[in-house]
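S.K.: Below is the file start27.txt, with compact mmCIF, C-alpha atoms (C1' of nucleotides).
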# COMPACT_ATOMS: atom_id res chain seq x y z
CA MET A 1234 6.07 6.86 1.17
CA LEU A 1235 3.79 8.63 -1.28
CA SER A 1236 2.13 6.59 -4.00
CA ARG A 1237 2.85 7.43 -7.63
CA LYS A 1238 -0.69 8.69 -7.79
CA ALA A 1239 0.07 11.39 -5.24
CA LYS A 1240 3.32 12.34 -6.94
CA TYR A 1241 1.64 12.59 -10.33
CA ALA A 1242 -1.10 14.67 -8.73
CA LEU A 1243 1.39 17.06 -7.16
CA LYS A 1244 3.35 17.45 -10.38
CA ALA A 1245 0.14 17.96 -12.35
CA MET A 1246 -0.95 20.67 -9.93
CA VAL A 1247 2.36 22.49 -10.25
CA GLN A 1248 2.07 22.34 -14.04
CA LEU A 1249 -1.43 23.78 -13.85
CA ALA A 1250 -0.12 26.52 -11.59
CA ARG A 1251 2.58 27.34 -14.11
CA ALA A 1252 0.14 27.34 -17.03
CA ALA A 1253 -2.48 29.53 -15.33
CA PRO A 1254 -4.59 31.23 -16.45
CA GLN A 1255 -4.34 28.94 -19.45
CA GLN A 1256 -5.75 25.48 -19.11
CA LEU A 1257 -4.04 22.19 -19.92
CA THR A 1258 -5.46 18.94 -21.28
CA SER A 1259 -4.70 15.57 -19.74
CA ALA A 1260 -2.39 14.92 -22.71
CA ASP A 1261 -0.48 18.16 -22.02
CA ILE A 1262 -0.01 17.25 -18.39
CA ALA A 1263 0.95 13.67 -19.21
CA ASP A 1264 3.68 15.02 -21.50
CA ARG A 1265 5.00 17.42 -18.90
CA THR A 1266 4.97 15.02 -15.95
CA GLY A 1267 5.68 11.60 -17.44
CA ALA A 1268 2.43 10.16 -16.08
CA PRO A 1269 0.45 7.72 -18.28
CA ARG A 1270 -2.44 9.71 -19.76
CA LYS A 1271 -5.31 7.41 -18.81
CA PHE A 1272 -4.02 6.91 -15.30
CA LEU A 1273 -3.56 10.63 -14.99
CA GLU A 1274 -7.16 11.25 -16.08
CA ALA A 1275 -8.41 9.20 -13.17
CA ILE A 1276 -6.22 11.20 -10.82
CA LEU A 1277 -7.35 14.52 -12.25
CA LEU A 1278 -10.92 13.43 -11.77
CA GLU A 1279 -10.23 12.92 -8.09
CA LEU A 1280 -8.75 16.39 -7.90
CA VAL A 1281 -11.86 17.77 -9.59
CA ARG A 1282 -14.06 16.00 -7.05
CA ALA A 1283 -11.92 17.32 -4.23
CA GLY A 1284 -12.60 20.82 -5.55
CA LEU A 1285 -8.95 21.59 -6.23
CA ILE A 1286 -9.26 21.95 -10.00
CA LEU A 1287 -11.96 22.61 -12.60
CA ALA A 1288 -12.51 20.64 -15.80
CA ARG A 1289 -13.90 21.84 -19.14
CA ARG A 1290 -15.05 19.19 -21.59
CA GLY A 1291 -14.98 19.27 -25.37
CA LYS A 1292 -12.76 21.04 -27.85
CA GLY A 1293 -10.59 23.68 -26.23
CA GLY A 1294 -11.28 22.08 -22.88
CA GLY A 1295 -8.87 20.97 -20.20
CA TYR A 1296 -8.14 21.52 -16.52
CA LEU A 1297 -7.34 24.59 -14.46
CA LEU A 1298 -6.83 25.44 -10.80
CA ASN A 1299 -9.93 26.27 -8.82
CA ARG A 1300 -7.96 28.62 -6.52
CA SER A 1301 -4.78 30.64 -6.77
CA PRO A 1302 -1.50 28.74 -6.32
CA GLU A 1303 -0.91 30.45 -2.95
CA GLN A 1304 -4.14 28.95 -1.69
CA ILE A 1305 -3.44 25.33 -2.57
CA SER A 1306 -1.11 23.46 -0.24
CA PHE A 1307 0.78 20.23 -0.83
CA ALA A 1308 -1.08 18.84 2.15
CA GLU A 1309 -4.43 19.20 0.40
CA VAL A 1310 -3.27 17.50 -2.77
CA ILE A 1311 -1.77 14.58 -0.86
CA ARG A 1312 -4.89 14.19 1.25
CA ALA A 1313 -7.06 14.17 -1.87
CA THR A 1314 -5.05 11.36 -3.44
CA ASP A 1315 -3.35 9.29 -0.73
CA GLY A 1316 -5.54 10.14 2.23
CA PRO A 1317 -4.54 11.45 5.67
CA LEU A 1318 -1.01 12.61 6.43
CA ALA A 1319 -1.13 11.06 9.90
CA LEU A 1320 0.69 7.85 10.78
CA ALA A 1321 -2.47 6.48 12.42
CA PRO A 1322 -6.20 7.26 12.20
CA CYS A 1323 -6.27 8.14 15.91
CA VAL A 1324 -4.08 11.21 15.31
CA SER A 1325 -5.63 12.32 12.04
CA LYS A 1326 -7.51 15.62 11.97
CA THR A 1327 -9.17 15.04 8.61
CA ALA A 1328 -10.06 11.35 9.01
CA PHE A 1329 -10.04 10.77 12.73
CA HIS A 1330 -11.17 7.43 14.14
CA ARG A 1331 -10.00 4.88 16.66
CA CYS A 1332 -7.34 2.45 15.44
CA ALA A 1333 -8.81 -1.01 14.87
CA ASP A 1334 -5.91 -2.60 16.72
CA CYS A 1335 -6.03 -0.42 19.82
CA LEU A 1336 -8.75 -0.49 22.45
CA ASP A 1337 -7.89 2.38 24.73
CA MET A 1338 -6.78 5.49 22.90
CA GLU A 1339 -6.33 7.44 26.13
CA THR A 1340 -3.63 5.21 27.57
CA CYS A 1341 -1.97 4.26 24.29
CA SER A 1342 1.79 4.41 24.74
CA ILE A 1343 2.60 5.36 21.17
CA ARG A 1344 -0.13 7.86 20.35
CA PRO A 1345 1.61 10.97 21.73
CA ALA A 1346 4.57 10.36 19.43
CA LEU A 1347 2.32 9.87 16.42
CA GLN A 1348 0.53 13.08 17.30
CA LEU A 1349 3.76 15.05 17.30
CA ALA A 1350 4.80 13.51 14.00
CA ARG A 1351 1.49 14.36 12.40
CA ASP A 1352 1.60 17.94 13.61
CA ALA A 1353 5.13 18.40 12.30
CA THR A 1354 4.37 16.90 8.90
CA ALA A 1355 1.10 18.78 8.51
CA ALA A 1356 2.72 22.08 9.43
CA ALA A 1357 5.40 21.62 6.79
CA LEU A 1358 3.05 20.53 4.04
CA GLU A 1359 0.34 23.06 4.75
CA LYS A 1360 2.80 25.93 4.61
CA HIS A 1361 4.15 24.69 1.30
CA THR A 1362 1.86 25.75 -1.57
CA LEU A 1363 1.91 25.46 -5.34
CA ALA A 1364 3.22 29.03 -5.38
CA THR A 1365 6.14 28.01 -3.16
CA ALA A 1366 6.96 25.14 -5.50
CA MET A 1367 6.79 27.40 -8.57
CA ALA A 1368 9.10 29.94 -7.00
CA GLN A 1369 11.64 27.30 -6.04
CA THR A 1370 11.75 25.55 -9.42
CA PRO A 1371 10.94 28.15 -12.07
CA GLU A 1372 12.08 25.98 -15.00
CA ALA A 1373 9.90 23.51 -16.84
CA GLU A 1374 9.82 20.02 -15.44
CA ALA A 1375 12.48 17.79 -16.98
CA GLN A 1376 11.00 15.66 -19.73
CA LEU A 1377 11.03 11.90 -19.40
CA GLY A 1378 11.75 11.52 -23.09
CA ALA A 1379 14.67 13.95 -23.05
CA MET B 465 0.01 5.43 7.74
CA LEU B 466 2.00 3.00 9.82
CA SER B 467 1.46 -0.71 9.26
CA ARG B 468 0.23 -2.84 12.14
CA LYS B 469 3.66 -4.36 12.18
CA ALA B 470 5.21 -1.02 13.06
CA LYS B 471 2.59 -0.29 15.72
CA TYR B 472 3.05 -3.73 17.29
CA ALA B 473 6.80 -3.16 17.21
CA LEU B 474 6.52 0.21 18.94
CA LYS B 475 4.18 -1.12 21.61
CA ALA B 476 6.40 -4.12 22.15
CA MET B 477 9.42 -1.88 22.59
CA VAL B 478 7.62 0.26 25.16
CA GLN B 479 6.62 -2.87 27.06
CA LEU B 480 10.22 -4.05 27.06
CA ALA B 481 11.28 -0.63 28.31
CA ARG B 482 8.78 -0.88 31.16
CA ALA B 483 9.83 -4.41 32.06
CA ALA B 484 13.58 -3.69 32.05
CA PRO B 485 15.82 -5.04 33.38
CA GLN B 486 13.50 -8.05 33.36
CA GLN B 487 12.93 -9.78 30.05
CA LEU B 488 9.61 -10.66 28.44
CA THR B 489 8.65 -13.61 26.26
CA SER B 490 6.76 -13.23 22.99
CA ALA B 491 3.68 -14.54 24.80
CA ASP B 492 4.04 -11.86 27.51
CA ILE B 493 4.30 -9.14 24.91
CA ALA B 494 1.44 -10.53 22.85
CA ASP B 495 -0.75 -10.40 25.97
CA ARG B 496 0.24 -6.84 26.78
CA THR B 497 -0.09 -5.42 23.28
CA GLY B 498 -2.88 -7.42 21.63
CA ALA B 499 -0.61 -8.60 18.81
CA PRO B 500 -0.95 -12.22 17.58
CA ARG B 501 1.94 -14.16 19.09
CA LYS B 502 3.32 -15.76 15.94
CA PHE B 503 3.10 -12.54 13.97
CA LEU B 504 4.77 -10.73 16.83
CA GLU B 505 7.62 -13.24 16.87
CA ALA B 506 8.45 -12.38 13.29
CA ILE B 507 8.45 -8.71 14.18
CA LEU B 508 10.63 -9.21 17.24
CA LEU B 509 13.06 -11.13 15.08
CA GLU B 510 13.38 -8.09 12.82
CA LEU B 511 14.05 -5.92 15.85
CA VAL B 512 16.73 -8.37 16.97
CA ARG B 513 18.37 -8.20 13.54
CA ALA B 514 18.17 -4.41 13.61
CA GLY B 515 20.13 -4.53 16.86
CA LEU B 516 17.40 -2.87 18.90
CA ILE B 517 16.70 -5.83 21.19
CA LEU B 518 18.39 -9.01 22.37
CA ALA B 519 16.86 -12.47 22.46
CA ARG B 520 17.57 -15.36 24.85
CA ARG B 521 16.38 -18.79 23.81
CA GLY B 522 15.20 -21.66 25.94
CA LYS B 523 13.59 -21.82 29.33
CA GLY B 524 13.68 -18.51 31.14
CA GLY B 525 14.44 -16.82 27.86
CA GLY B 526 12.77 -13.84 26.22
CA TYR B 527 13.59 -10.44 24.84
CA LEU B 528 15.18 -7.33 26.30
CA LEU B 529 16.30 -3.93 25.09
CA ASN B 530 19.82 -3.73 23.71
CA ARG B 531 20.16 -0.08 24.83
CA SER B 532 18.61 2.11 27.47
CA PRO B 533 15.14 3.50 26.70
CA GLU B 534 16.58 7.02 26.33
CA GLN B 535 18.75 5.77 23.50
CA ILE B 536 16.05 4.16 21.38
CA SER B 537 13.93 6.53 19.31
CA PHE B 538 10.57 5.91 17.69
CA ALA B 539 12.23 6.74 14.39
CA GLU B 540 14.57 3.77 14.67
CA VAL B 541 11.80 1.33 15.46
CA ILE B 542 9.66 2.54 12.56
CA ARG B 543 12.59 2.38 10.16
CA ALA B 544 13.37 -1.17 11.25
CA THR B 545 9.83 -2.33 10.55
CA ASP B 546 8.21 -0.09 7.92
CA GLY B 547 11.29 1.37 6.29
CA PRO B 548 12.20 5.01 5.68
CA LEU B 549 10.20 7.86 7.18
CA ALA B 550 10.53 9.94 4.01
CA LEU B 551 7.66 10.42 1.57
CA ALA B 552 9.94 9.55 -1.35
CA PRO B 553 13.26 7.72 -1.74
CA CYS B 554 14.89 10.88 -3.13
CA VAL B 555 14.57 12.65 0.23
CA SER B 556 15.41 9.69 2.44
CA LYS B 557 18.60 9.85 4.49
CA THR B 558 18.65 6.17 5.42
CA ALA B 559 17.57 4.71 2.07
CA PHE B 560 18.34 7.39 -0.47
CA HIS B 561 17.91 6.70 -4.16
CA ARG B 562 16.40 8.37 -7.19
CA CYS B 563 12.63 7.94 -7.61
CA ALA B 564 11.85 5.50 -10.41
CA ASP B 565 9.22 7.86 -11.81
CA CYS B 566 11.36 11.01 -11.88
CA LEU B 567 14.26 11.61 -14.23
CA ASP B 568 15.76 14.85 -13.03
CA MET B 569 15.95 15.10 -9.27
CA GLU B 570 17.57 18.54 -9.42
CA THR B 571 14.67 20.27 -11.15
CA CYS B 572 11.87 18.24 -9.55
CA SER B 573 9.09 20.60 -8.55
CA ILE B 574 7.88 18.59 -5.58
CA ARG B 575 11.13 17.43 -4.02
CA PRO B 576 11.78 20.51 -1.84
CA ALA B 577 8.42 20.05 -0.15
CA LEU B 578 9.07 16.37 0.46
CA GLN B 579 12.44 17.25 1.92
CA LEU B 580 10.88 19.64 4.43
CA ALA B 581 8.27 17.08 5.38
CA ARG B 582 10.89 14.41 5.94
CA ASP B 583 13.02 16.69 8.08
CA ALA B 584 10.06 17.69 10.21
CA THR B 585 8.89 14.12 10.73
CA ALA B 586 12.36 12.80 11.44
CA ALA B 587 13.06 15.54 13.97
CA ALA B 588 9.89 14.72 15.89
CA LEU B 589 10.37 10.96 15.87
CA GLU B 590 14.07 11.01 16.64
CA LYS B 591 13.55 13.20 19.66
CA HIS B 592 10.82 10.90 20.97
CA THR B 593 12.34 7.88 22.71
CA LEU B 594 11.00 4.89 24.60
CA ALA B 595 11.81 6.82 27.77
CA THR B 596 9.62 9.69 26.60
CA ALA B 597 6.78 7.29 25.94
CA MET B 598 7.13 5.64 29.35
CA ALA B 599 7.10 8.97 31.13
CA GLN B 600 3.96 10.08 29.30
CA THR B 601 1.94 6.92 29.88
CA PRO B 602 3.14 5.34 33.11
CA GLU B 603 0.24 2.92 33.42
CA ALA B 604 0.11 -0.54 31.85
CA GLU B 605 -1.22 -0.74 28.33
CA ALA B 606 -4.98 -1.33 28.20
CA GLN B 607 -5.76 -4.98 27.62
CA LEU B 608 -7.62 -6.01 24.50
CA GLY B 609 -9.51 -8.64 26.44
CA ALA B 610 -10.53 -6.24 29.21
C1' DA C 1058 15.45 -36.19 28.78
C1' DT C 1059 12.04 -32.76 28.96
C1' DA C 1060 10.07 -28.52 28.85
C1' DT C 1061 10.51 -23.93 27.13
C1' DA C 1062 11.36 -20.34 24.03
C1' DT C 1063 13.26 -18.32 19.95
C1' DC C 1064 14.11 -18.96 15.03
C1' DC C 1065 12.90 -20.32 10.36
C1' DT C 1066 10.07 -21.79 6.22
C1' DA C 1067 6.01 -22.16 3.82
C1' DT C 1068 1.48 -20.87 2.78
C1' DC C 1069 -2.84 -18.18 2.43
C1' DT C 1070 -6.35 -14.45 1.65
C1' DA C 1071 -7.61 -9.85 0.95
C1' DT C 1072 -6.47 -5.51 -0.38
C1' DC C 1073 -3.84 -2.05 -2.73
C1' DT C 1074 -0.91 -0.25 -6.58
C1' DA C 1075 -0.30 1.01 -11.00
C1' DG C 1076 -1.81 0.63 -14.60
C1' DT C 1077 -4.69 -0.72 -19.59
C1' DA C 1078 -8.81 -0.78 -22.57
C1' DG C 1079 -12.93 0.80 -24.38
C1' DG C 1080 -16.35 3.68 -24.77
C1' DA C 1081 -20.22 7.13 -23.00
C1' DA C 1082 -21.25 11.94 -22.28
C1' DA C 1083 -20.60 16.62 -23.05
C1' DG C 1084 -19.06 20.56 -25.31
C1' DT C 1085 -17.25 23.20 -29.70
C1' DA C 1086 -17.04 24.34 -34.57
C1' DG C 1087 -18.38 23.91 -39.05
C1' DC D 524 -26.72 17.93 -37.69
C1' DT D 525 -22.24 16.09 -37.93
C1' DA D 526 -17.60 15.61 -36.79
C1' DC D 527 -14.22 16.30 -33.56
C1' DT D 528 -12.30 16.83 -29.17
C1' DT D 529 -11.87 16.20 -24.37
C1' DT D 530 -13.44 14.74 -19.97
C1' DC D 531 -15.86 11.12 -17.48
C1' DC D 532 -17.00 6.38 -16.29
C1' DT D 533 -16.72 1.19 -16.04
C1' DA D 534 -14.34 -2.94 -16.15
C1' DC D 535 -10.37 -5.56 -16.00
C1' DT D 536 -5.57 -7.25 -14.89
C1' DA D 537 -0.77 -8.39 -13.05
C1' DG D 538 1.99 -7.91 -9.35
C1' DA D 539 3.11 -6.47 -4.77
C1' DT D 540 2.09 -5.86 0.10
C1' DA D 541 -0.39 -6.59 4.57
C1' DG D 542 -1.52 -9.42 8.01
C1' DA D 543 -1.58 -13.04 9.31
C1' DT D 544 -1.48 -18.89 10.31
C1' DA D 545 0.85 -23.54 10.66
C1' DG D 546 4.40 -26.52 11.66
C1' DG D 547 8.52 -27.50 13.05
C1' DA D 548 13.89 -26.83 13.74
C1' DT D 549 17.20 -25.07 17.01
C1' DA D 550 19.00 -23.62 21.28
C1' DT D 551 18.91 -23.43 26.42
C1' DA D 552 17.87 -24.44 31.35
C1' DT D 553 16.74 -27.81 34.87
Have the structure of the file written as structure tokens, please.
M.R.:
Amino acid sequence: MLSRKAKYALKAMVQLARAAPQQLTSADIADRTGAPRKFLEAILLELVRAGLILARRGKGGGYLLNRSPEQISFAEVIRATDGPLALAPCVSKTAFHRCADCLDMETCSIRPALQLARDATAAALEKHTLATAMAQTPEAEAQLGA
Amino acid sequence: MLSRKAKYALKAMVQLARAAPQQLTSADIADRTGAPRKFLEAILLELVRAGLILARRGKGGGYLLNRSPEQISFAEVIRATDGPLALAPCVSKTAFHRCADCLDMETCSIRPALQLARDATAAALEKHTLATAMAQTPEAEAQLGA
DNA sequence: ATATATCCTATCTATCTAGTAGGAAAGTAG
DNA sequence: CTACTTTCCTACTAGATAGATAGGATATAT
């Protein structure tokens, strides 16, 4: 399961894609996604640090995508917030290391299955970009207060 | 990421598949997988309740698969221990419900992506059975104490 | 009866989740 | 230079989950 953090991040990214080339403030995004503003700010900061978005401080400031929506995949956003997509570190491409509870990776009886699962998930989420999401759901996000 | 519980469960199931038609005690399985015996017992109990294995109490007792290895998928074992494979409840087939943090499922901008991811993961893990795992790694599991 | 093995309950510690609160730093406009 | 806005940073908290451990009750075979 994704954490709320990752879901808020994904929804925020889609909102930024919709707003482009205009920027949105954390308050704007909080309104549009239902995420608590202060919590959202921390998440947006992580996305800034991951290089996915840019931030402008001060009056008239806000956030905007650092790349075009076609170039930002769901996989990247999830990795930036929740970490690797893989079901175990030993099959992760972005954060590979031996599992603490498994001595011999080579003869591990469950690793091949986890590898297939990772590849399948990664393929789906890397193909799916912010542009895909925009095209599929062209309307504004439903408001929580509605 | 899978919990240790799920990994122990999967490894235990593969060991039971290898041992069949002989049964194994919790101590046997703990030895072969590196899982703490008492922790493992709790896990095995969950697998019993999920109908994946059978337990025999008393002297000469132990655990054994309730179906043939070809009929038990990795997906089932993971669901029995860690819960749904899906990244969100709203795209889960086995535990479907609306996400607490999302009012309108129909217009959700991230749901289609999560649906694709779930389908891809489920397909991979449902196809992969204990028999598949046995065939791929015919040797005994590496010992933690080795 | 005794030994064996699963089943059940309770407890514990550390970490993670999902925030809240308060303010510092930076940028803009007058 | 001052006021205002907006991001950035630090600290804190309540509650849940992970990953166990401990001790014993219950069932079974000899």
S.K.: Counting only C-alpha atoms (C1' of nucleotides), what are the residues of chain C within 6 Å of chain B, and for each of them which pair of atoms is the nearest and at what distance in Å, to one decimal? Sort the table by chain and rising number, as JSON lines.
M.R.:
{"residue": "C:DT1061", "atom": "C1'", "partner": "B:Lys523", "partner_atom": "CA", "distance": 4.3}
{"residue": "C:DA1062", "atom": "C1'", "partner": "B:Gly522", "partner_atom": "CA", "distance": 4.5}
{"residue": "C:DT1063", "atom": "C1'", "partner": "B:Arg521", "partner_atom": "CA", "distance": 5.0}
S.K.: Using all atoms listed in the file and a distance of at most 7 Å, pull out the residues of chain B that contact chain A, as JSON, numbers by chain.
M.R.: {"B": [465, 466, 474, 475, 550, 551, 552, 567, 568, 571, 572, 573, 574, 577, 580, 581, 584, 585, 588, 589, 592, 597, 601, 605, 606, 608]}
S.K.: Please compute the atom CA of B:Gly515-atom CA of B:Asn530 distance, one decimal, in Å.
M.R.: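 It comes out at 6.9 Å.
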S.K.: Find the residues in chain D near chain A: any atom within 12 Å counts, using only C-alpha atoms (C1' of nucleotides). Write them as a list in words.
M.R.: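 Here is what falls inside 12 Å: DA526, DC527, DT528, DT529, DT530, DC531, DC532, DT533 and DG542 of chain D.
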S.K.: Which centre and edge lengths in Å to one decimal define the box along x, y and z that fits every listed atom of stretch 1058-1074 of chain C plus 8 Å per side, as JSON?
M.R.:
{"center_x": 3.9, "center_y": -18.2, "center_z": 11.2, "size_x": 39.1, "size_y": 51.9, "size_z": 51.5}
S.K.: How many Å separate atom CA of A:Leu1285 from atom CA of A:His1330?
M.R.: 24.9 Å
S.K.: Which value, in Å to one decimal, gives the distance between atom C1' of D:DT540 and atom C1' of C:DA1078?
M.R.: 25.7 Å
S.K.: For D:DA545, which residue out of C:DC1069, C:DA1058, C:DC1064, C:DA1075 is the nearest one, using only C-alpha atoms (C1' of nucleotides)?
M.R.: C:DC1069
S.K.: With a distance cut-off of 12 Å and only C-alpha atoms (C1' of nucleotides), select the neighbouring residues of C:DG1079, excluding the residue or stretch itself and same-chain residues fewer than 2 positions from it, and output the selection as a PyMOL selection string.
M.R.: (chain A and resi 1271) or (chain C and resi 1077+1081) or (chain D and resi 532-535)
S.K.: When you look at D:DG538 with a cut-off of 12 Å (counting all atoms listed in the file), what residues show up, excluding the ones that are within fewer than 5 positions of it in the same chain? I need them as a count of residues only.
M.R.: 4
S.K.: Hey, could you patch up stretch 1313-1340 of chain A with N, CA and C atoms and hand it over as a PDB file, keeping the file's coordinate frame?
M.R.:
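Below is the file rebuild05.pdb, written as the result:
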ATOM      1  N   ALA A1313      -6.057  14.501  -0.855  1.00  0.00           N
ATOM      2  CA  ALA A1313      -7.060  14.170  -1.870  1.00  0.00           C
ATOM      3  C   ALA A1313      -6.724  12.878  -2.608  1.00  0.00           C
ATOM      4  N   THR A1314      -5.439  12.527  -2.651  1.00  0.00           N
ATOM      5  CA  THR A1314      -5.050  11.360  -3.440  1.00  0.00           C
ATOM      6  C   THR A1314      -4.647  10.159  -2.577  1.00  0.00           C
ATOM      7  N   ASP A1315      -3.837  10.400  -1.568  1.00  0.00           N
ATOM      8  CA  ASP A1315      -3.350   9.290  -0.730  1.00  0.00           C
ATOM      9  C   ASP A1315      -4.074   9.178   0.595  1.00  0.00           C
ATOM     10  N   GLY A1316      -4.879  10.164   0.933  1.00  0.00           N
ATOM     11  CA  GLY A1316      -5.540  10.140   2.230  1.00  0.00           C
ATOM     12  C   GLY A1316      -4.745  10.903   3.277  1.00  0.00           C
ATOM     13  N   PRO A1317      -5.092  10.695   4.552  1.00  0.00           N
ATOM     14  CA  PRO A1317      -4.540  11.450   5.670  1.00  0.00           C
ATOM     15  C   PRO A1317      -3.008  11.447   5.719  1.00  0.00           C
ATOM     16  N   LEU A1318      -2.451  12.524   6.230  1.00  0.00           N
ATOM     17  CA  LEU A1318      -1.010  12.610   6.430  1.00  0.00           C
ATOM     18  C   LEU A1318      -0.574  11.818   7.664  1.00  0.00           C
ATOM     19  N   ALA A1319      -1.465  11.662   8.608  1.00  0.00           N
ATOM     20  CA  ALA A1319      -1.130  11.060   9.900  1.00  0.00           C
ATOM     21  C   ALA A1319      -0.636   9.631   9.769  1.00  0.00           C
ATOM     22  N   LEU A1320       0.155   9.206  10.756  1.00  0.00           N
ATOM     23  CA  LEU A1320       0.690   7.850  10.780  1.00  0.00           C
ATOM     24  C   LEU A1320      -0.322   6.850  11.336  1.00  0.00           C
ATOM     25  N   ALA A1321      -1.410   7.356  11.926  1.00  0.00           N
ATOM     26  CA  ALA A1321      -2.470   6.480  12.420  1.00  0.00           C
ATOM     27  C   ALA A1321      -3.773   7.265  12.429  1.00  0.00           C
ATOM     28  N   PRO A1322      -4.897   6.574  12.218  1.00  0.00           N
ATOM     29  CA  PRO A1322      -6.200   7.260  12.200  1.00  0.00           C
ATOM     30  C   PRO A1322      -6.472   8.030  13.480  1.00  0.00           C
ATOM     31  N   CYS A1323      -5.958   7.540  14.619  1.00  0.00           N
ATOM     32  CA  CYS A1323      -6.270   8.140  15.910  1.00  0.00           C
ATOM     33  C   CYS A1323      -5.604   9.498  16.116  1.00  0.00           C
ATOM     34  N   VAL A1324      -4.695   9.878  15.206  1.00  0.00           N
ATOM     35  CA  VAL A1324      -4.080  11.210  15.310  1.00  0.00           C
ATOM     36  C   VAL A1324      -4.336  12.032  14.043  1.00  0.00           C
ATOM     37  N   SER A1325      -5.295  11.585  13.254  1.00  0.00           N
ATOM     38  CA  SER A1325      -5.630  12.320  12.040  1.00  0.00           C
ATOM     39  C   SER A1325      -6.679  13.377  12.329  1.00  0.00           C
ATOM     40  N   LYS A1326      -6.502  14.578  11.781  1.00  0.00           N
ATOM     41  CA  LYS A1326      -7.510  15.620  11.970  1.00  0.00           C
ATOM     42  C   LYS A1326      -8.605  15.482  10.925  1.00  0.00           C
ATOM     43  N   THR A1327      -8.211  15.079   9.715  1.00  0.00           N
ATOM     44  CA  THR A1327      -9.170  15.040   8.610  1.00  0.00           C
ATOM     45  C   THR A1327      -9.930  13.720   8.503  1.00  0.00           C
ATOM     46  N   ALA A1328      -9.392  12.657   9.112  1.00  0.00           N
ATOM     47  CA  ALA A1328     -10.060  11.350   9.010  1.00  0.00           C
ATOM     48  C   ALA A1328      -9.953  10.615  10.328  1.00  0.00           C
ATOM     49  N   PHE A1329     -10.200  11.338  11.404  1.00  0.00           N
ATOM     50  CA  PHE A1329     -10.040  10.770  12.730  1.00  0.00           C
ATOM     51  C   PHE A1329     -10.971   9.583  13.008  1.00  0.00           C
ATOM     52  N   HIS A1330     -10.403   8.477  13.463  1.00  0.00           N
ATOM     53  CA  HIS A1330     -11.170   7.430  14.140  1.00  0.00           C
ATOM     54  C   HIS A1330     -10.228   6.540  14.929  1.00  0.00           C
ATOM     55  N   ARG A1331     -10.795   5.751  15.818  1.00  0.00           N
ATOM     56  CA  ARG A1331     -10.000   4.880  16.660  1.00  0.00           C
ATOM     57  C   ARG A1331      -9.282   3.848  15.792  1.00  0.00           C
ATOM     58  N   CYS A1332      -8.060   3.505  16.159  1.00  0.00           N
ATOM     59  CA  CYS A1332      -7.340   2.450  15.440  1.00  0.00           C
ATOM     60  C   CYS A1332      -8.008   1.113  15.735  1.00  0.00           C
ATOM     61  N   ALA A1333      -8.152   0.289  14.714  1.00  0.00           N
ATOM     62  CA  ALA A1333      -8.810  -1.010  14.870  1.00  0.00           C
ATOM     63  C   ALA A1333      -8.053  -1.912  15.839  1.00  0.00           C
ATOM     64  N   ASP A1334      -6.749  -1.717  15.922  1.00  0.00           N
ATOM     65  CA  ASP A1334      -5.910  -2.600  16.720  1.00  0.00           C
ATOM     66  C   ASP A1334      -5.570  -2.029  18.097  1.00  0.00           C
ATOM     67  N   CYS A1335      -6.364  -1.087  18.570  1.00  0.00           N
ATOM     68  CA  CYS A1335      -6.030  -0.420  19.820  1.00  0.00           C
ATOM     69  C   CYS A1335      -7.302  -0.079  20.575  1.00  0.00           C
ATOM     70  N   LEU A1336      -7.484  -0.688  21.741  1.00  0.00           N
ATOM     71  CA  LEU A1336      -8.750  -0.490  22.450  1.00  0.00           C
ATOM     72  C   LEU A1336      -8.831   0.849  23.180  1.00  0.00           C
ATOM     73  N   ASP A1337      -7.804   1.155  23.949  1.00  0.00           N
ATOM     74  CA  ASP A1337      -7.890   2.380  24.730  1.00  0.00           C
ATOM     75  C   ASP A1337      -6.960   3.480  24.244  1.00  0.00           C
ATOM     76  N   MET A1338      -7.514   4.381  23.491  1.00  0.00           N
ATOM     77  CA  MET A1338      -6.780   5.490  22.900  1.00  0.00           C
ATOM     78  C   MET A1338      -6.117   6.365  23.971  1.00  0.00           C
ATOM     79  N   GLU A1339      -6.796   6.514  25.099  1.00  0.00           N
ATOM     80  CA  GLU A1339      -6.330   7.440  26.130  1.00  0.00           C
ATOM     81  C   GLU A1339      -5.012   6.994  26.758  1.00  0.00           C
ATOM     82  N   THR A1340      -4.845   5.691  26.905  1.00  0.00           N
ATOM     83  CA  THR A1340      -3.630   5.210  27.570  1.00  0.00           C
ATOM     84  C   THR A1340      -2.614   4.641  26.582  1.00  0.00           C
TER      85      THR A1340
END
